[in-house]
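Heads up: the structure comes next, in structure tokens.
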Amino acid sequence: MSEGEVQPVGMEKDRGLFGVAGTGDTSGFGGLVRATPTGGEVIATPEPLGGYFDQILAAVREGLGDEIVRAAVVDRDELTLHIAPDKTAEVCGLMRDDESLKFELCNSVSGVDYPGRQHRLHVVYHLTSMTYRRRVRLETAVGTDNPVVTSVTGVYPTADWQERETYDMFGVVFDGHPHLTRILMPDDWEGHPQRKDYPLGGISVEYKGAHIPPPDERRAYK
Amino acid sequence: MTATDHPHDVFEAEDAYAAERETTEGRVYTVTGGDWDEMVASVDPLNDERIILNLGPQHPSTHGVLRLVCELEGETVRSVRPVVGYLHTGIEKNLEYRTWTQGTTFVTRADYLAPVFNEVGYCLAVERLLDVTVPERANVIRVIMMELNRISSHLVALATMGMELGALSMMIYGFRDREKVLDIFEAVSGLRMNMAYVRPGGVAQDIPDDAVAMIRDFIEYMPTALDDYDDLLTGNAIWQERTQGVGYLDVSGCLALGVTGPVLRSAGLAWDLRKTMPYCGYEDYDFEVPTHNGADAWARYLIRIQEIRESLRIIEQGLDRLEPGPVMVEDKKIAWPAQLALGADGMGNSLNHIRHIMSQSMEALIHHFKLVTEGFRVPAGQVYTAIEAPRGEFGVHAVSDGGTRPFRIHMREPTFVNLQALPALAEGGLLADVIAGGASLDPVMGGCDR
């Protein structure tokens with residue numbers, strides 16, 4: 001599927017108060033137009049970032065060059081380093097082995113789908129340094145036409161199942177993964193359920209003559 | 001009825017328990033129970049081929065719907081491949097179609113033995129996104145409930161591990177004492193499991209006085225029960241034989257495979273998020289983090305017993321800190337509006353609250369309506385919060401787009417990550433030790449598959 005064809009469920013609701021069109025809404029709220037907050041690109045936090053975040057950023061840049069971090073974002077006291085999809089293994093290797101970083105534990109690998117962006121599939125890694133008791137988040141983004149991210153299983157073997165889950169749910173292909181197969185969904189399943197353009201599914205249920213639609217087709221506030 | 005109605009010879013030719021058939025992959029046995037000797041006898045003992053044994057997903061000793069594909073050479077396990085996903089219910093996807101408050105009813109059903117931890121982990125993430133601080137009393141109640149839940153979860157871990165290794169009495173005692181904790185949960189929240197008691201901004205309702213009395217009785221009772229377990233298992237030669245040196249996984253193995261919780265502490269690393277990255281005010285409680293150097297199933301058993309004792313200490317301190325006060329944030333734009341009370345027909349909105357919204361304050365009615373139907377908005381952004389669940393680090397990666405529903409929630413489930421270690425601690429050992437090693441990981445498939 002190319003970027004132009006994306007018609008995400010739930011995300012076309014930039015207009016109106018509810019998610020349904022064509023109802024007899026006379027309140028005027030149906031005419032509201034709202035910009036999607038997730039539509040924007042990543043905005044880097046101006047440096048210095050404060051606390052240990054500057055030390056991490058400096059150590060990463062010293063090890064792999066100034067260009068390695070596309071953007072460093074500090075939000076709610078958490079540091080996010082945005083990196084290129086083909087640099088994840090390299091950055092994780094440095095994160096684990098550098099004396100001043102020592103991120104021994106890869107807690108979590110997961111995906112987020114931001115429909116409407118050019119690189120809509122994000123892969124997020126959460127790392128913990130047990131030595132320094134610090135956390136950091138690495139984030140990379142790919143488009144659906146070439147969703148390839150370098151696997152970090154060589155650095156963190158624990159990423160094995162979690163990358164399989166991300167592949168299963170989002171269709172991100174991890175280059176270098178030993179056996180990238182589905183893990184939660186059946187092997188012959190089609191589609192990647194956590195993408196925003198994948199419907200939740202369900203049937204409408206009759207209750208005392210009224211039909212209650214499935215959750216993803218119900219009227220919902222935005 | 002004639003003899004031709006019962007073709008006995010056909011029935012006798014086919015073993016009712018272990019049917020066998022030839023396939024392109026070789027001979028396949030379908031084993032349904034009570035027939036192991038017959039099956040073994042029918043396998044050519046001089047044949048050195050390896051046997052692929054499929055264990056589960058419906059098998060009483062695999063802790064729920066876990067499937068293990070084992071490659072056996074005699075009784076030695078050459079490889080184990082865990083197969084998961086049989087309990088996948090799409091909780092994370094469903095969350096994206098509910099309000100932030102409704103989310104607690106979904107996350108609580110993931111790891112069904114540790115519902116309070118799922119709820120607290122999720123609510124801490126939502127609260128960090130909202131940038132609100134919950135009242136002190138709510139924090140203390142959360143700590144008490146979490147530690148009670150840790151005890152009940154560890155009791156099931158001990159009970160099922162006992163059952164799987166043949167100590168059936170332990171299963172009965174473990175579930176008996178867990179029932180006492182569930183009774184407390186029922187007195188506090190109205191439900192025994194999957195309570196959705198912890199809500200963004202605090203807890204659903206205050207802890208009643210009789211529940212406090214029940215908790216005091218429980219912390220008085222539990223140490224004697226733990227002594228009984230000690231008498232039953234710790235000195236038991238069979239228990240020691242089955243667990244000591246079984247399922248070995250050292251610190252570097254744990255870290256590489258991302259294993260946390262009692263399994264990591266059984267390898268000697270005192271990594272407990274309650275101490276190392278405190279939340280909910282754990283830094284103010286006096287407790288120890290038990291560790292062991294065995295790195296085997298025995299060490300994990302001992303650690304769980306000791307953790308129950310430490311949890312009892314925390315609960316006792318929590319009860320002493322229980323000062324009167326609100327259990328939900330003051331902000332009426334976030335706090336659930338219903339004031340619950342016990343009426344003639346059970347728990348429901350208090351009559352005072354109904355009187356207030358129906359006849360005194362139109363604004364209160366609007367607030368109630370808006371919060372229940374629409375929910376509150378959460379500022380855009382993403383956070384990762386982690387807490388120490390009974391099985392290890394339970395993390396929640398929450399992403400908001402500024403709307404009334406989560407944009408994405410990912411649960412970092414300790415079971416899902418820890419199960420990856422099963423091949424590492426079972427391969428090269430005996431088939432019986434796969435069960436012991438797996439039980440010492442204490443997997444809960446509801447959490448694993450979400």
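Ordering of the structure tokens sets the chain letters (A, B, ...); residue numbers start at 1 within each chain; ligands are numbered from 1 in the order shown.
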Run DSSP on the backbone and tell me which residues of region 256-415 of chain B come out as strand (DSSP E or B); list them as a VMD selection string. chain B and resid 328 340 to 343 346 to 349 381 to 389 392 to 400 408 to 412
Which residues are near Asp216 (chain A)? Cut-off 10 Å, only C-alpha atoms, ignore same chain within fewer than 2 positions. Put them as number ranges by chain. A: 9-10, 19, 199-202, 213-214, 218-220; B: 94, 96-98
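From CA of Ile151 (chain B) back to CA of Phe218 (chain B), the distance works out to 11.0 Å.
With distances restricted to only C-alpha atoms, B:Ser252 is the closest residue to Leu105 (chain A) from B:Thr234, B:Thr89, B:Ser252, B:Gln102.
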Output the contact residues of chain B with respect to chain A at a cut-off of 9 Å, based on only C-alpha atoms, as a VMD selection string. chain B and resid 83 to 88 90 92 to 94 97 to 98 128 to 129 131 255 to 259 271 276 to 277 373 to 375 377 380 to 384 393 395 397 399 to 405 407 to 413 416 to 418 420 to 421 449 to 450
Spatial neighbours of Leu312 (chain B), max dist 8 Å, only C-alpha atoms, sep filter under 2 positions, as a PyMOL selection string: chain B and resi 147-148+219+308-310+314-316
Next, dump the selected residues to file, keeping only N, CA and C atoms, as a PDB file, in the first residue's frame.
ATOM      1  N   GLU B 147       0.817  -4.788  47.284  1.00  0.00           N
ATOM      2  CA  GLU B 147       1.552  -5.795  48.049  1.00  0.00           C
ATOM      3  C   GLU B 147       0.660  -6.994  48.367  1.00  0.00           C
ATOM      4  N   LEU B 148      -0.629  -6.742  48.633  1.00  0.00           N
ATOM      5  CA  LEU B 148      -1.552  -7.870  48.805  1.00  0.00           C
ATOM      6  C   LEU B 148      -1.587  -8.705  47.533  1.00  0.00           C
ATOM      7  N   ILE B 219      -2.407 -10.183  57.931  1.00  0.00           N
ATOM      8  CA  ILE B 219      -0.959 -10.094  58.163  1.00  0.00           C
ATOM      9  C   ILE B 219      -0.577 -10.765  59.471  1.00  0.00           C
ATOM     10  N   ILE B 308       7.164 -12.549  50.073  1.00  0.00           N
ATOM     11  CA  ILE B 308       5.860 -12.480  50.742  1.00  0.00           C
ATOM     12  C   ILE B 308       6.048 -11.889  52.141  1.00  0.00           C
ATOM     13  N   ARG B 309       7.099 -12.312  52.830  1.00  0.00           N
ATOM     14  CA  ARG B 309       7.351 -11.757  54.176  1.00  0.00           C
ATOM     15  C   ARG B 309       7.611 -10.258  54.109  1.00  0.00           C
ATOM     16  N   GLU B 310       8.384  -9.825  53.099  1.00  0.00           N
ATOM     17  CA  GLU B 310       8.660  -8.384  52.978  1.00  0.00           C
ATOM     18  C   GLU B 310       7.374  -7.625  52.640  1.00  0.00           C
ATOM     19  N   ILE B 314       5.550  -4.324  54.406  1.00  0.00           N
ATOM     20  CA  ILE B 314       5.123  -3.089  53.729  1.00  0.00           C
ATOM     21  C   ILE B 314       3.650  -2.808  54.019  1.00  0.00           C
ATOM     22  N   ILE B 315       2.828  -3.865  53.982  1.00  0.00           N
ATOM     23  CA  ILE B 315       1.393  -3.662  54.213  1.00  0.00           C
ATOM     24  C   ILE B 315       1.167  -3.112  55.616  1.00  0.00           C
ATOM     25  N   GLU B 316       1.908  -3.661  56.588  1.00  0.00           N
ATOM     26  CA  GLU B 316       1.756  -3.203  57.966  1.00  0.00           C
ATOM     27  C   GLU B 316       2.096  -1.716  58.074  1.00  0.00           C
TER      28      GLU B 316
END
